[in-house]
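Okay, structure first, notes after.
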Amino acid sequence: MLLAPRRASRSGGSLSDSPEDAARPAPPPGQGEDNINVVVRVRPLSNKESKAKDNFVVQFPGNGQLLLEGAPLPAGSSSPGSGNASKSRLFSFNAVFEPGATQEDVLNYSGVRRLISMAVEGFSCTVFCYGQTGSGKTHTLTGPPGLFDGQVDPQSPDHGLVCRSFQFLFQQLRERSDFHFVLKASFLEIYNEKVIDLLNPGSARKPLAVRWSKKSRGFFVENLFTVDCEELDDLLAVLEEGMRNRSVGSHGMNDHSSRSHTILTVHIAAERQMSEDGVFISRQGKLNFVDLAGSEMTKKTHSEGKTLEEANNINKSLMVLGYCIASLSDPKKKGHIPYRDSKLTKLLADSLAGNGVTLMIACISPAKSNISESLNTLRYAARAKKIRTKPIIMMDPREALILSLKREVAALQSENDHLRGALRLNGEQLIGDPGAPRAIGSPPPAVDLERLAELEANELAGLVQHYMQENEALRRENSDLFSTREVLMRDQDLVCRENERLLKKLEDVNSVCCRSPIIPARPTFSGELLNMSLAGSDMGAGPLGATMGHDLMASSTNVWVHPVNGGSAGGVGGSTTALTGPKFKAEILEGRHSAKPPHRLPDSIQKELDKRRIGKSMTNIAESYRDRMSHQRHNSWDSSKQGSPGLGDPQAAAPAPVLPAQPHAPQAVHG
Ligand SMILES: Nc1ncnc2c1ncn2[C@@H]1O[C@H](COP(=O)(O)OP(=O)(O)OP(=O)(O)O)[C@@H](O)[C@H]1O
């Protein structure tokens, strides 16, 4: 049975475990630290190694582990007489790529896709390949030798991580249509400690200066050529041009050996309008691809002359890089990091320990003949894995503030939602929706006090905030109610004054009646009777009226007769027409009624009548007046109500409802 070759094993590190994970969102800026991610790629045995029947000394236990068999022990650690002491060494990384891994596997499982996503978000991201000469660094990053000679096929399966990353980058940019992106690219090499612009080398290959920027607090290459890249082809053209111009040489271990370190940088400026009022947010992401020249054992490479000089410079700068990595990875060594000792470390400083996100791809040969170099590379890689960086998004401080405030608002909103959900018990809403306008008169939101103890501190804080908001709303309601009450009190005052005026008038009329010798005492009715008798003719016309009239007159307690002049109603059982009609008037004039002695009611009834006369008539007059005022006020509040009864309207004289005890709804007040 044929088993599919295992090509990559991954640990549960911070790198992606699947292509989908690679595109997961970047962490928020300024939050937490990130270790340098380290993966190892083991190339196949070269033709030369196979011919020499070199042993394959690497094993792949899986889960991101790599076992180096027969690794030599450090000098002095072997016991005397034990010969060439060696032991197997186990290393653990974020991912390990076996010789069968394809270029696409490296893109999918190294975590580079996540890095690209983060660069789009505004982070400074770096991928660098490290390893001895001939271990496959250039192959991993750009592809095999000769790929960029002549016509380049972008779809070639030989393309390395850079070309594939460019394609993935444009895929990401297309998906982020909410941003406007501007891409620029530069490509440089550090050859013999000189920085050369690979896009604009010139015939003299004049070196460029590396300077410190106070603004960005980092090193930069002065006058480095940057190319605007609107399309994928533009980026590929940059890659091709740089690859053609880089320094390549030949030595005993690699016919196409890179004689310099190269750094290809894609600057990703993203701009987005955050709100209608023209607030723009821009971010400056960066993606660096660093192909380090390989460390060389000059004895093995047989370097001499120019190649030897190159090898010395390469080894020297790699040694400084090694010191920096060792210092950064050791938490006890918090002192000086020798970045300034080489151009390479100056330009990689930010990627190694600054605010960037870094992926190191350590490349090794599986051959026993290279075991010492492989061990060195793996030790370097293991050390680098301990380095922690603090990734932050590069943006204008004001823009960063706006963004962080917006994030805060979004977080508070989601916290509010969560809180509302948490306070729902058995489907019953315990607190009101703070966003919804509170109806006046609705009961205050109830909170289960027992559940308060179970709430988290942030939930409690949210609850307090909620009640502060509600307090504010209640205060507003309160002030509305107070102003409504003031209006009502003013109205009541007016009504009372009018009442007093009318009562005084009534008393005046009464006293005139009492004094007049020619006007007989006019019976005064209670308010109820007065109203009924005013409508008496109508009531009497119908069966109901007749009945009521009869009943009323049958009850003499409803009639007050002036005690001085006496009543001429004809006693109990007299008709209403006899009391109020023209016939009654004529009888008076004729002296028939006045001649009769006044009918005296029993004292108790008389007292009751007196009370009712004073109390009831006053109340009814006041009420009917209040009613009119109420109509007037109502009309002035709600002018939209057409046809409401005015003062001249017959209905206005009908018994009016007492002024409402409840305050008027504020809508009417504000309306
Ligand atoms: N994974 C691989 N699969 C197939 N061939 C590989 C692989 N890795 C490297 N090679 C081949 O091995 C040779 C040396 O690789 P490469 O030039 O990439 O090494 P290098 O580490 O960049 O060396 P140097 O430091 O000298 O530049 C090349 O011919 C390359 O195609």
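Labels for the structure tokens follow display order: chains A, B, ..., residues from 1 in each chain, ligands from 1.
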Test item: residues lying within 8 Å of ligand 1 with only C-alpha atoms and all ligand atoms, as a ChimeraX atom specification: /A:41-44,46,99-103,130-140,143-145,248,253-259,291-295,363
Please provide as a compact mmCIF listing (two decimals) with N, CA and C atoms, in the first residue's frame all residues within 7 Å of range 348-362 of chain A, with the sequence filter that same-chain residues fewer than 6 positions apart are discarded (counting only C-alpha atoms).
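The resulting selection-v3.txt:
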```txt
# COMPACT_ATOMS: atom_id res chain seq x y z
N ILE A 36 8.39 35.46 17.77
CA ILE A 36 8.79 35.26 16.38
C ILE A 36 8.38 33.84 16.02
N ASN A 37 7.68 33.71 14.93
CA ASN A 37 7.24 32.37 14.51
C ASN A 37 8.37 31.72 13.72
N VAL A 38 8.63 30.49 14.03
CA VAL A 38 9.75 29.82 13.36
C VAL A 38 9.29 28.50 12.75
N VAL A 39 9.56 28.34 11.47
CA VAL A 39 9.30 27.06 10.81
C VAL A 39 10.61 26.58 10.19
N VAL A 40 10.70 25.28 9.96
CA VAL A 40 11.93 24.71 9.38
C VAL A 40 11.58 24.01 8.09
N ARG A 41 12.38 24.25 7.07
CA ARG A 41 12.20 23.50 5.83
C ARG A 41 13.46 22.68 5.56
N PHE A 123 0.20 46.29 9.97
CA PHE A 123 1.36 45.85 10.73
C PHE A 123 2.60 45.78 9.83
N SER A 124 3.75 45.83 10.50
CA SER A 124 5.01 45.67 9.78
C SER A 124 5.41 44.20 9.91
N CYS A 125 5.43 43.49 8.79
CA CYS A 125 5.63 42.03 8.83
C CYS A 125 6.88 41.64 8.05
N THR A 126 7.58 40.66 8.58
CA THR A 126 8.83 40.23 7.94
C THR A 126 8.92 38.71 7.85
N VAL A 127 9.31 38.24 6.68
CA VAL A 127 9.62 36.81 6.51
C VAL A 127 11.09 36.75 6.19
N PHE A 128 11.87 36.01 6.98
CA PHE A 128 13.26 35.87 6.56
C PHE A 128 13.72 34.42 6.60
N CYS A 129 14.58 34.12 5.62
CA CYS A 129 15.10 32.76 5.49
C CYS A 129 16.53 32.74 5.99
N TYR A 130 16.81 31.75 6.80
CA TYR A 130 18.12 31.65 7.42
C TYR A 130 18.63 30.22 7.24
N GLY A 131 19.93 30.08 7.04
CA GLY A 131 20.50 28.72 6.92
C GLY A 131 21.84 28.76 6.20
N GLY A 218 13.29 54.42 13.71
CA GLY A 218 13.85 53.21 13.11
C GLY A 218 14.87 53.60 12.03
N TYR A 339 22.52 46.14 17.41
CA TYR A 339 21.94 46.34 16.08
C TYR A 339 22.86 47.13 15.17
N THR A 377 22.07 25.97 12.70
CA THR A 377 20.86 26.67 12.21
C THR A 377 19.67 26.40 13.14
N ALA A 381 17.50 28.98 15.30
CA ALA A 381 16.04 29.05 15.13
C ALA A 381 15.33 28.89 16.47
N ARG A 388 10.29 37.87 21.64
CA ARG A 388 8.91 38.38 21.60
C ARG A 388 8.91 39.80 21.04
N THR A 389 7.96 40.05 20.18
CA THR A 389 7.81 41.41 19.65
C THR A 389 6.45 41.95 20.11
N LYS A 390 6.31 43.25 19.96
CA LYS A 390 5.03 43.88 20.33
C LYS A 390 4.42 44.49 19.08
N PRO A 391 3.65 43.70 18.35
CA PRO A 391 3.12 44.22 17.08
C PRO A 391 2.15 45.38 17.30
N ILE A 392 2.36 46.44 16.55
CA ILE A 392 1.38 47.53 16.57
C ILE A 392 1.10 47.98 15.14
```
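Minimum distance to Ala311 in chain A across A:Leu460, A:Met297, A:Ala237, A:Leu68 (counting only C-alpha atoms) occurs at A:Met297.
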Long-range neighbours of range 240-243 of chain A as number ranges by chain, 9 Å cut-off, only C-alpha atoms, 2 positions minimum in chain: A: 142, 148-149, 152, 186-189, 197-199, 235-238, 245-247, 262, 264
Point-to-point distance in Å for CA of Asn47 in chain A and CA of His251 in chain A: 15.8 Å
Which of range 221-414 of chain A fall in alpha helix (DSSP H), as a PyMOL selection string: chain A and resi 232-245+298-301+306-329+343-353+371-384+397-414
